[in-house]
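Source file: coords.cif (mmCIF, N, CA and C atoms)
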```
data_upload
loop_
_atom_site.label_atom_id
_atom_site.label_comp_id
_atom_site.auth_asym_id
_atom_site.auth_seq_id
_atom_site.Cartn_x
_atom_site.Cartn_y
_atom_site.Cartn_z
N MET A 1159 -145.11 -44.46 -131.43
CA MET A 1159 -145.45 -45.87 -131.23
C MET A 1159 -145.04 -46.65 -132.47
N THR A 1160 -144.31 -47.73 -132.27
CA THR A 1160 -143.88 -48.55 -133.39
C THR A 1160 -144.57 -49.91 -133.34
N LEU A 1161 -144.64 -50.54 -134.49
CA LEU A 1161 -145.19 -51.89 -134.56
C LEU A 1161 -144.04 -52.85 -134.29
N GLU A 1162 -144.03 -53.42 -133.09
CA GLU A 1162 -142.96 -54.34 -132.70
C GLU A 1162 -143.40 -55.79 -132.78
N LYS A 1163 -144.69 -56.03 -132.56
CA LYS A 1163 -145.19 -57.39 -132.55
C LYS A 1163 -146.49 -57.46 -133.35
N ILE A 1164 -146.70 -58.59 -134.00
CA ILE A 1164 -147.95 -58.82 -134.73
C ILE A 1164 -148.69 -59.95 -134.02
N LYS A 1165 -149.93 -59.65 -133.60
CA LYS A 1165 -150.79 -60.69 -133.05
C LYS A 1165 -151.54 -61.33 -134.21
N LEU A 1166 -151.25 -62.60 -134.44
CA LEU A 1166 -151.79 -63.26 -135.63
C LEU A 1166 -153.31 -63.32 -135.65
N LYS A 1167 -153.95 -63.52 -134.52
CA LYS A 1167 -155.42 -63.57 -134.49
C LYS A 1167 -156.01 -62.25 -134.98
N ASP A 1168 -155.43 -61.13 -134.54
CA ASP A 1168 -155.92 -59.82 -134.98
C ASP A 1168 -155.69 -59.63 -136.47
N TRP A 1169 -154.53 -60.06 -136.96
CA TRP A 1169 -154.20 -59.92 -138.37
C TRP A 1169 -155.15 -60.77 -139.22
N ILE A 1170 -155.39 -62.01 -138.83
CA ILE A 1170 -156.25 -62.91 -139.59
C ILE A 1170 -157.67 -62.33 -139.69
N ARG A 1171 -158.13 -61.69 -138.63
CA ARG A 1171 -159.47 -61.09 -138.64
C ARG A 1171 -159.62 -59.99 -139.69
N THR A 1172 -158.52 -59.37 -140.09
CA THR A 1172 -158.60 -58.31 -141.10
C THR A 1172 -158.92 -58.86 -142.48
N GLY A 1173 -158.67 -60.17 -142.68
CA GLY A 1173 -158.93 -60.78 -143.98
C GLY A 1173 -157.79 -60.61 -144.96
N ARG A 1174 -156.75 -59.90 -144.57
CA ARG A 1174 -155.59 -59.69 -145.45
C ARG A 1174 -154.59 -60.81 -145.25
N ARG A 1175 -154.06 -61.33 -146.33
CA ARG A 1175 -153.07 -62.42 -146.25
C ARG A 1175 -151.65 -61.88 -146.21
N GLU A 1176 -151.46 -60.62 -146.58
CA GLU A 1176 -150.13 -60.03 -146.59
C GLU A 1176 -150.16 -58.67 -145.93
N THR A 1177 -149.03 -58.29 -145.34
CA THR A 1177 -148.90 -56.97 -144.74
C THR A 1177 -147.45 -56.52 -144.81
N ASP A 1178 -147.26 -55.22 -144.88
CA ASP A 1178 -145.92 -54.63 -144.89
C ASP A 1178 -145.72 -53.79 -143.64
N VAL A 1179 -144.51 -53.82 -143.14
CA VAL A 1179 -144.15 -53.04 -141.95
C VAL A 1179 -142.90 -52.25 -142.29
N ASP A 1180 -142.97 -50.93 -142.14
CA ASP A 1180 -141.81 -50.04 -142.28
C ASP A 1180 -141.65 -49.32 -140.96
N GLU A 1181 -140.54 -49.60 -140.26
CA GLU A 1181 -140.35 -49.08 -138.91
C GLU A 1181 -138.91 -48.68 -138.68
N SER A 1182 -138.70 -47.97 -137.58
CA SER A 1182 -137.38 -47.65 -137.05
C SER A 1182 -137.34 -48.21 -135.64
N TYR A 1183 -136.36 -49.08 -135.38
CA TYR A 1183 -136.24 -49.69 -134.06
C TYR A 1183 -134.97 -49.21 -133.38
N THR A 1184 -135.06 -48.98 -132.08
CA THR A 1184 -133.89 -48.68 -131.26
C THR A 1184 -133.76 -49.78 -130.21
N TYR A 1185 -132.54 -50.00 -129.76
CA TYR A 1185 -132.26 -51.04 -128.77
C TYR A 1185 -131.29 -50.47 -127.75
N GLU A 1186 -131.68 -50.50 -126.49
CA GLU A 1186 -130.83 -49.95 -125.44
C GLU A 1186 -129.56 -50.76 -125.24
N ASP A 1187 -129.59 -52.05 -125.56
CA ASP A 1187 -128.42 -52.91 -125.32
C ASP A 1187 -127.47 -52.99 -126.51
N LEU A 1188 -127.73 -52.26 -127.59
CA LEU A 1188 -126.85 -52.28 -128.76
C LEU A 1188 -126.30 -50.88 -129.02
N PRO A 1189 -125.04 -50.79 -129.48
CA PRO A 1189 -124.42 -49.48 -129.71
C PRO A 1189 -124.79 -48.87 -131.07
N LEU A 1190 -126.08 -48.66 -131.29
CA LEU A 1190 -126.53 -48.09 -132.56
C LEU A 1190 -126.30 -46.58 -132.57
N LYS A 1191 -125.75 -46.09 -133.66
CA LYS A 1191 -125.60 -44.64 -133.83
C LYS A 1191 -126.88 -44.03 -134.40
N VAL A 1192 -127.62 -44.82 -135.13
CA VAL A 1192 -128.92 -44.41 -135.69
C VAL A 1192 -129.89 -45.57 -135.51
N PRO A 1193 -131.18 -45.29 -135.43
CA PRO A 1193 -132.15 -46.40 -135.32
C PRO A 1193 -132.06 -47.33 -136.52
N ALA A 1194 -132.40 -48.58 -136.31
CA ALA A 1194 -132.42 -49.56 -137.39
C ALA A 1194 -133.66 -49.30 -138.26
N GLU A 1195 -133.44 -48.98 -139.51
CA GLU A 1195 -134.52 -48.79 -140.47
C GLU A 1195 -134.88 -50.15 -141.05
N VAL A 1196 -136.16 -50.50 -140.97
CA VAL A 1196 -136.59 -51.86 -141.28
C VAL A 1196 -137.75 -51.84 -142.26
N HIS A 1197 -137.68 -52.71 -143.26
CA HIS A 1197 -138.83 -53.00 -144.12
C HIS A 1197 -139.09 -54.49 -144.02
N ILE A 1198 -140.32 -54.86 -143.67
CA ILE A 1198 -140.68 -56.27 -143.52
C ILE A 1198 -141.98 -56.54 -144.29
N HIS A 1199 -141.98 -57.63 -145.04
CA HIS A 1199 -143.19 -58.10 -145.74
C HIS A 1199 -143.56 -59.45 -145.13
N CYS A 1200 -144.78 -59.55 -144.61
CA CYS A 1200 -145.27 -60.78 -143.99
C CYS A 1200 -146.40 -61.35 -144.83
N ARG A 1201 -146.37 -62.68 -145.02
CA ARG A 1201 -147.40 -63.35 -145.80
C ARG A 1201 -147.87 -64.60 -145.05
N LEU A 1202 -149.17 -64.65 -144.79
CA LEU A 1202 -149.76 -65.84 -144.14
C LEU A 1202 -149.76 -67.01 -145.11
N ASN A 1203 -149.51 -68.20 -144.58
CA ASN A 1203 -149.67 -69.42 -145.37
C ASN A 1203 -150.33 -70.47 -144.50
N ALA A 1204 -150.52 -71.66 -145.00
CA ALA A 1204 -151.26 -72.70 -144.29
C ALA A 1204 -150.59 -73.13 -142.99
N THR A 1205 -149.26 -73.03 -142.92
CA THR A 1205 -148.55 -73.51 -141.74
C THR A 1205 -148.02 -72.41 -140.84
N GLY A 1206 -148.13 -71.15 -141.26
CA GLY A 1206 -147.60 -70.06 -140.46
C GLY A 1206 -147.47 -68.77 -141.24
N VAL A 1207 -146.28 -68.16 -141.16
CA VAL A 1207 -146.05 -66.86 -141.79
C VAL A 1207 -144.66 -66.83 -142.41
N ASP A 1208 -144.58 -66.35 -143.65
CA ASP A 1208 -143.29 -66.08 -144.29
C ASP A 1208 -142.97 -64.61 -144.04
N VAL A 1209 -141.74 -64.34 -143.59
CA VAL A 1209 -141.31 -62.98 -143.25
C VAL A 1209 -140.06 -62.67 -144.05
N ARG A 1210 -140.16 -61.65 -144.91
CA ARG A 1210 -139.01 -61.23 -145.73
C ARG A 1210 -138.81 -59.74 -145.56
N GLY A 1211 -137.59 -59.31 -145.73
CA GLY A 1211 -137.35 -57.88 -145.65
C GLY A 1211 -135.88 -57.55 -145.59
N ASN A 1212 -135.61 -56.36 -145.07
CA ASN A 1212 -134.23 -55.91 -144.92
C ASN A 1212 -134.16 -54.88 -143.82
N TYR A 1213 -132.96 -54.66 -143.33
CA TYR A 1213 -132.72 -53.65 -142.30
C TYR A 1213 -131.41 -52.96 -142.61
N LYS A 1214 -131.23 -51.76 -142.06
CA LYS A 1214 -129.94 -51.07 -142.13
C LYS A 1214 -129.81 -50.17 -140.91
N THR A 1215 -128.60 -50.04 -140.44
CA THR A 1215 -128.29 -49.19 -139.30
C THR A 1215 -126.79 -48.91 -139.31
N VAL A 1216 -126.33 -48.19 -138.31
CA VAL A 1216 -124.91 -47.92 -138.12
C VAL A 1216 -124.60 -48.21 -136.65
N VAL A 1217 -123.55 -48.99 -136.41
CA VAL A 1217 -123.14 -49.29 -135.05
C VAL A 1217 -121.77 -48.68 -134.77
N GLU A 1218 -121.50 -48.40 -133.50
CA GLU A 1218 -120.18 -47.99 -133.07
C GLU A 1218 -119.63 -49.10 -132.20
N GLU A 1219 -118.53 -49.68 -132.64
CA GLU A 1219 -117.96 -50.81 -131.92
C GLU A 1219 -116.44 -50.78 -132.00
N PRO A 1220 -115.76 -51.52 -131.12
CA PRO A 1220 -114.30 -51.52 -131.14
C PRO A 1220 -113.76 -52.41 -132.25
N CYS A 1221 -112.70 -51.96 -132.87
CA CYS A 1221 -112.00 -52.74 -133.89
C CYS A 1221 -111.31 -53.92 -133.19
N ASP A 1222 -111.39 -55.09 -133.77
CA ASP A 1222 -110.75 -56.27 -133.19
C ASP A 1222 -109.23 -56.24 -133.33
N ARG A 1223 -108.73 -55.37 -134.18
CA ARG A 1223 -107.29 -55.30 -134.39
C ARG A 1223 -106.65 -54.21 -133.54
N CYS A 1224 -107.19 -52.97 -133.58
CA CYS A 1224 -106.55 -51.85 -132.87
C CYS A 1224 -107.30 -51.44 -131.60
N CYS A 1225 -108.48 -51.97 -131.39
CA CYS A 1225 -109.32 -51.71 -130.21
C CYS A 1225 -109.93 -50.31 -130.17
N GLU A 1226 -109.76 -49.53 -131.22
CA GLU A 1226 -110.36 -48.19 -131.29
C GLU A 1226 -111.81 -48.31 -131.75
N LEU A 1227 -112.67 -47.42 -131.21
CA LEU A 1227 -114.06 -47.40 -131.66
C LEU A 1227 -114.14 -46.88 -133.09
N TYR A 1228 -115.06 -47.42 -133.85
CA TYR A 1228 -115.32 -46.93 -135.20
C TYR A 1228 -116.78 -47.19 -135.54
N GLU A 1229 -117.28 -46.45 -136.51
CA GLU A 1229 -118.67 -46.63 -136.95
C GLU A 1229 -118.69 -47.55 -138.16
N ARG A 1230 -119.65 -48.46 -138.14
CA ARG A 1230 -119.75 -49.43 -139.23
C ARG A 1230 -121.21 -49.57 -139.66
N PRO A 1231 -121.49 -49.37 -140.94
CA PRO A 1231 -122.86 -49.60 -141.41
C PRO A 1231 -123.15 -51.11 -141.43
N LEU A 1232 -124.34 -51.45 -141.00
CA LEU A 1232 -124.80 -52.84 -141.04
C LEU A 1232 -126.13 -52.87 -141.79
N GLY A 1233 -126.36 -53.94 -142.49
CA GLY A 1233 -127.63 -54.12 -143.17
C GLY A 1233 -127.62 -55.42 -143.91
N ASN A 1234 -128.81 -55.95 -144.07
CA ASN A 1234 -128.91 -57.22 -144.77
C ASN A 1234 -130.37 -57.50 -145.10
N ALA A 1235 -130.54 -58.37 -146.07
CA ALA A 1235 -131.87 -58.89 -146.38
C ALA A 1235 -132.07 -60.18 -145.59
N PHE A 1236 -133.31 -60.52 -145.31
CA PHE A 1236 -133.59 -61.76 -144.60
C PHE A 1236 -134.86 -62.38 -145.14
N ASP A 1237 -134.97 -63.68 -144.91
CA ASP A 1237 -136.12 -64.46 -145.37
C ASP A 1237 -136.33 -65.55 -144.33
N GLU A 1238 -137.36 -65.40 -143.52
CA GLU A 1238 -137.62 -66.33 -142.42
C GLU A 1238 -138.97 -67.00 -142.60
N ARG A 1239 -139.07 -68.17 -142.05
CA ARG A 1239 -140.33 -68.92 -142.06
C ARG A 1239 -140.71 -69.21 -140.62
N PHE A 1240 -141.89 -68.79 -140.23
CA PHE A 1240 -142.42 -69.03 -138.89
C PHE A 1240 -143.57 -70.03 -139.03
N VAL A 1241 -143.51 -71.10 -138.24
CA VAL A 1241 -144.49 -72.19 -138.33
C VAL A 1241 -145.21 -72.30 -136.99
N TYR A 1242 -146.54 -72.51 -137.06
CA TYR A 1242 -147.33 -72.69 -135.85
C TYR A 1242 -146.84 -73.90 -135.07
N GLN A 1243 -146.68 -73.75 -133.77
CA GLN A 1243 -146.24 -74.86 -132.92
C GLN A 1243 -147.17 -76.05 -133.06
N SER A 1244 -148.47 -75.81 -133.18
CA SER A 1244 -149.44 -76.91 -133.30
C SER A 1244 -149.20 -77.72 -134.58
N PHE A 1245 -148.73 -77.09 -135.63
CA PHE A 1245 -148.42 -77.80 -136.87
C PHE A 1245 -147.22 -78.72 -136.66
N ILE A 1246 -146.23 -78.26 -135.91
CA ILE A 1246 -145.04 -79.06 -135.65
C ILE A 1246 -145.39 -80.24 -134.76
N ASP A 1247 -146.23 -80.00 -133.75
CA ASP A 1247 -146.63 -81.06 -132.83
C ASP A 1247 -147.35 -82.20 -133.55
N GLU A 1248 -148.00 -81.89 -134.67
CA GLU A 1248 -148.75 -82.90 -135.42
C GLU A 1248 -147.90 -83.61 -136.47
N ALA A 1249 -146.64 -83.22 -136.62
CA ALA A 1249 -145.78 -83.82 -137.64
C ALA A 1249 -145.53 -85.29 -137.30
N PRO A 1250 -145.43 -86.14 -138.32
CA PRO A 1250 -145.19 -87.56 -138.06
C PRO A 1250 -143.81 -87.78 -137.44
N ALA A 1251 -143.73 -88.76 -136.55
CA ALA A 1251 -142.47 -89.09 -135.91
C ALA A 1251 -141.67 -90.01 -136.82
N GLY A 1252 -140.39 -90.14 -136.53
CA GLY A 1252 -139.55 -91.05 -137.29
C GLY A 1252 -138.48 -90.32 -138.04
N ASP A 1253 -137.68 -91.07 -138.76
CA ASP A 1253 -136.57 -90.50 -139.52
C ASP A 1253 -137.10 -89.82 -140.78
N MET A 1254 -136.47 -88.70 -141.11
CA MET A 1254 -136.83 -88.02 -142.34
C MET A 1254 -135.64 -87.21 -142.82
N GLU A 1255 -135.59 -86.98 -144.12
CA GLU A 1255 -134.53 -86.18 -144.71
C GLU A 1255 -134.89 -84.70 -144.57
N LEU A 1256 -133.94 -83.89 -144.10
CA LEU A 1256 -134.20 -82.46 -143.94
C LEU A 1256 -133.95 -81.71 -145.24
N HIS A 1257 -134.82 -80.75 -145.52
CA HIS A 1257 -134.71 -79.88 -146.69
C HIS A 1257 -134.64 -78.44 -146.20
N THR A 1258 -134.28 -77.53 -147.08
CA THR A 1258 -134.17 -76.12 -146.71
C THR A 1258 -135.46 -75.62 -146.07
N GLU A 1259 -136.60 -76.01 -146.58
CA GLU A 1259 -137.87 -75.53 -146.04
C GLU A 1259 -138.18 -76.10 -144.66
N ASP A 1260 -137.37 -77.04 -144.18
CA ASP A 1260 -137.57 -77.62 -142.85
C ASP A 1260 -136.95 -76.78 -141.73
N PHE A 1261 -136.26 -75.71 -142.07
CA PHE A 1261 -135.64 -74.85 -141.06
C PHE A 1261 -136.51 -73.62 -140.87
N TYR A 1262 -136.95 -73.41 -139.64
CA TYR A 1262 -137.92 -72.36 -139.37
C TYR A 1262 -137.89 -71.98 -137.90
N GLU A 1263 -138.56 -70.88 -137.60
CA GLU A 1263 -138.82 -70.46 -136.22
C GLU A 1263 -140.24 -70.90 -135.89
N THR A 1264 -140.55 -71.05 -134.62
CA THR A 1264 -141.91 -71.46 -134.26
C THR A 1264 -142.73 -70.29 -133.75
N ILE A 1265 -144.02 -70.38 -133.96
CA ILE A 1265 -144.98 -69.43 -133.42
C ILE A 1265 -145.63 -70.13 -132.24
N GLY A 1266 -145.43 -69.60 -131.05
CA GLY A 1266 -145.96 -70.22 -129.84
C GLY A 1266 -147.47 -70.13 -129.74
N PRO A 1267 -148.02 -70.69 -128.69
CA PRO A 1267 -149.47 -70.72 -128.52
C PRO A 1267 -150.10 -69.33 -128.40
N GLU A 1268 -149.33 -68.33 -127.99
CA GLU A 1268 -149.87 -66.97 -127.89
C GLU A 1268 -150.08 -66.34 -129.27
N GLY A 1269 -149.45 -66.90 -130.31
CA GLY A 1269 -149.66 -66.44 -131.68
C GLY A 1269 -149.14 -65.05 -131.97
N VAL A 1270 -147.92 -64.75 -131.50
CA VAL A 1270 -147.35 -63.42 -131.67
C VAL A 1270 -146.02 -63.51 -132.41
N LEU A 1271 -145.84 -62.67 -133.44
CA LEU A 1271 -144.56 -62.52 -134.11
C LEU A 1271 -143.88 -61.29 -133.52
N ASP A 1272 -142.69 -61.48 -132.96
CA ASP A 1272 -141.94 -60.37 -132.38
C ASP A 1272 -140.93 -59.87 -133.42
N LEU A 1273 -141.34 -58.89 -134.21
CA LEU A 1273 -140.51 -58.38 -135.30
C LEU A 1273 -139.28 -57.65 -134.78
N LYS A 1274 -139.43 -56.89 -133.71
CA LYS A 1274 -138.31 -56.14 -133.15
C LYS A 1274 -137.22 -57.10 -132.67
N ASP A 1275 -137.61 -58.20 -132.05
CA ASP A 1275 -136.63 -59.18 -131.59
C ASP A 1275 -135.94 -59.86 -132.77
N LEU A 1276 -136.67 -60.12 -133.84
CA LEU A 1276 -136.07 -60.72 -135.03
C LEU A 1276 -134.94 -59.85 -135.57
N ILE A 1277 -135.20 -58.54 -135.68
CA ILE A 1277 -134.18 -57.62 -136.18
C ILE A 1277 -133.01 -57.53 -135.20
N HIS A 1278 -133.30 -57.54 -133.90
CA HIS A 1278 -132.26 -57.53 -132.87
C HIS A 1278 -131.30 -58.70 -133.09
N GLN A 1279 -131.85 -59.88 -133.33
CA GLN A 1279 -131.01 -61.06 -133.56
C GLN A 1279 -130.11 -60.88 -134.77
N TYR A 1280 -130.64 -60.33 -135.85
CA TYR A 1280 -129.83 -60.12 -137.05
C TYR A 1280 -128.71 -59.12 -136.80
N ILE A 1281 -129.00 -58.05 -136.08
CA ILE A 1281 -127.96 -57.06 -135.79
C ILE A 1281 -126.86 -57.67 -134.92
N VAL A 1282 -127.24 -58.41 -133.89
CA VAL A 1282 -126.24 -59.04 -133.01
C VAL A 1282 -125.36 -60.00 -133.81
N MET A 1283 -125.96 -60.79 -134.69
CA MET A 1283 -125.15 -61.71 -135.50
C MET A 1283 -124.20 -60.96 -136.42
N ALA A 1284 -124.65 -59.85 -137.00
CA ALA A 1284 -123.79 -59.08 -137.89
C ALA A 1284 -122.67 -58.37 -137.14
N MET A 1285 -122.94 -57.95 -135.90
CA MET A 1285 -121.92 -57.27 -135.11
C MET A 1285 -120.78 -58.20 -134.70
N SER A 1286 -121.04 -59.48 -134.62
CA SER A 1286 -120.02 -60.40 -134.12
C SER A 1286 -119.02 -60.84 -135.19
N THR A 1287 -119.16 -60.31 -136.40
CA THR A 1287 -118.25 -60.71 -137.47
C THR A 1287 -117.58 -59.49 -138.10
N ASP A 1288 -116.36 -59.71 -138.61
CA ASP A 1288 -115.66 -58.71 -139.44
C ASP A 1288 -115.56 -57.35 -138.77
N ARG A 1289 -115.10 -57.31 -137.53
CA ARG A 1289 -115.00 -56.04 -136.81
C ARG A 1289 -113.59 -55.47 -136.95
N VAL A 1290 -113.28 -54.97 -138.13
CA VAL A 1290 -111.97 -54.37 -138.41
C VAL A 1290 -112.22 -53.02 -139.07
N CYS A 1291 -111.62 -51.97 -138.50
CA CYS A 1291 -111.91 -50.61 -138.97
C CYS A 1291 -111.26 -50.27 -140.30
N ASN A 1292 -110.16 -50.94 -140.66
CA ASN A 1292 -109.45 -50.72 -141.93
C ASN A 1292 -108.91 -49.31 -142.09
N ARG A 1293 -108.67 -48.60 -140.99
CA ARG A 1293 -108.02 -47.29 -141.07
C ARG A 1293 -106.53 -47.49 -141.37
N ALA A 1294 -105.93 -46.52 -142.00
CA ALA A 1294 -104.51 -46.59 -142.33
C ALA A 1294 -103.65 -46.73 -141.06
N THR A 1295 -104.12 -46.18 -139.95
CA THR A 1295 -103.35 -46.25 -138.70
C THR A 1295 -103.68 -47.49 -137.87
N CYS A 1296 -104.52 -48.36 -138.37
CA CYS A 1296 -104.94 -49.54 -137.61
C CYS A 1296 -103.79 -50.55 -137.54
N GLU A 1297 -103.44 -50.92 -136.33
CA GLU A 1297 -102.42 -51.94 -136.15
C GLU A 1297 -102.78 -52.79 -134.92
N ILE A 1298 -102.26 -53.96 -134.89
CA ILE A 1298 -102.57 -54.88 -133.80
C ILE A 1298 -101.96 -54.37 -132.50
N ARG A 1299 -102.78 -54.31 -131.46
CA ARG A 1299 -102.32 -53.91 -130.13
C ARG A 1299 -102.40 -55.12 -129.22
N HIS A 1300 -101.36 -55.35 -128.51
CA HIS A 1300 -101.34 -56.50 -127.60
C HIS A 1300 -101.56 -56.08 -126.18
#
```

Now, as a test, write the supplied structure out as structure tokens.
Amino acid sequence: MTLEKIKLKDWIRTGRRETDVDESYTYEDLPLKVPAEVHIHCRLNATGVDVRGNYKTVVEEPCDRCCELYERPLGNAFDERFVYQSFIDEAPAGDMELHTEDFYETIGPEGVLDLKDLIHQYIVMAMSTDRVCNRATCEIRH
């Protein structure tokens, strides 16, 4: 059993403001050769939750140049901000200048953070870039 989602009400009841999650996630729709190893640090704040961490895995995908399958390690650090929907709904209307801290994901009324889905999104984004095997025999096939 893995920790895939955090129910914020249950977490808040523990009295802890921070928690760490170390998990291995698999995804049926992604060509992972090994499960995604994940470390996530979550910290409650007045408007929601800050989520930081990193992941690493290996995918098997086709090279964009030669079309041959190859294995590619993927991994990255991330830093996300999740804000309660009720906090956003109460924000003043009108024009405002956007700052880096204004970009966030929302926490819906059910109050659940889906950590497995967050990592899935990062892997999909990483898979869509730089898909070149760099083998000596790699050449463009038309």

field: Residue list as a list in words for point (-137.0, -70.5, -135.5), cut-off 10 Å, only C-alpha atoms
entry: Glu1238, Arg1239, Phe1240, Val1241, Phe1261, Tyr1262, Glu1263, Thr1264, Ile1265 and Leu1276 of chain A

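When CA of Gln1243 in chain A is paired with CA of Val1207 in chain A, their separation reads 11.9 Å.
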
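Once Asp1275 in chain A and its same-chain neighbours fewer than 6 positions away are set aside, Glu1162, Lys1163 and Ile1281 of chain A remain within 8 Å of it when counting all atoms listed in the file.
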
Since we have the selection now, will you write its residues out, keeping N, CA and C atoms, as a JSON list (two decimals), in the coordinates of the input?
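Contents of the output file result06.json:
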```json
[["chain", "number", "residue", "atom", "x", "y", "z"],
["A", 1162, "GLU", "N", -144.03, -53.42, -133.09],
["A", 1162, "GLU", "CA", -142.96, -54.34, -132.70],
["A", 1162, "GLU", "C", -143.40, -55.79, -132.78],
["A", 1163, "LYS", "N", -144.69, -56.03, -132.56],
["A", 1163, "LYS", "CA", -145.19, -57.39, -132.55],
["A", 1163, "LYS", "C", -146.49, -57.46, -133.35],
["A", 1281, "ILE", "N", -129.00, -58.05, -136.08],
["A", 1281, "ILE", "CA", -127.96, -57.06, -135.79],
["A", 1281, "ILE", "C", -126.86, -57.67, -134.92]]
```

field: Close residues, Thr1295 in chain A itself excluded, 12 Å, only C-alpha atoms, min 4 positions apart in chain, as an MDAnalysis selection string
entry: chainID A and resid 1221 1223:1226 1290:1291 1299

Spatial neighbours of Gly1233 in chain A, 8 Å, all atoms listed in the file, chain gap at least 4 places, as number ranges by chain: A: 1212-1216, 1281, 1284
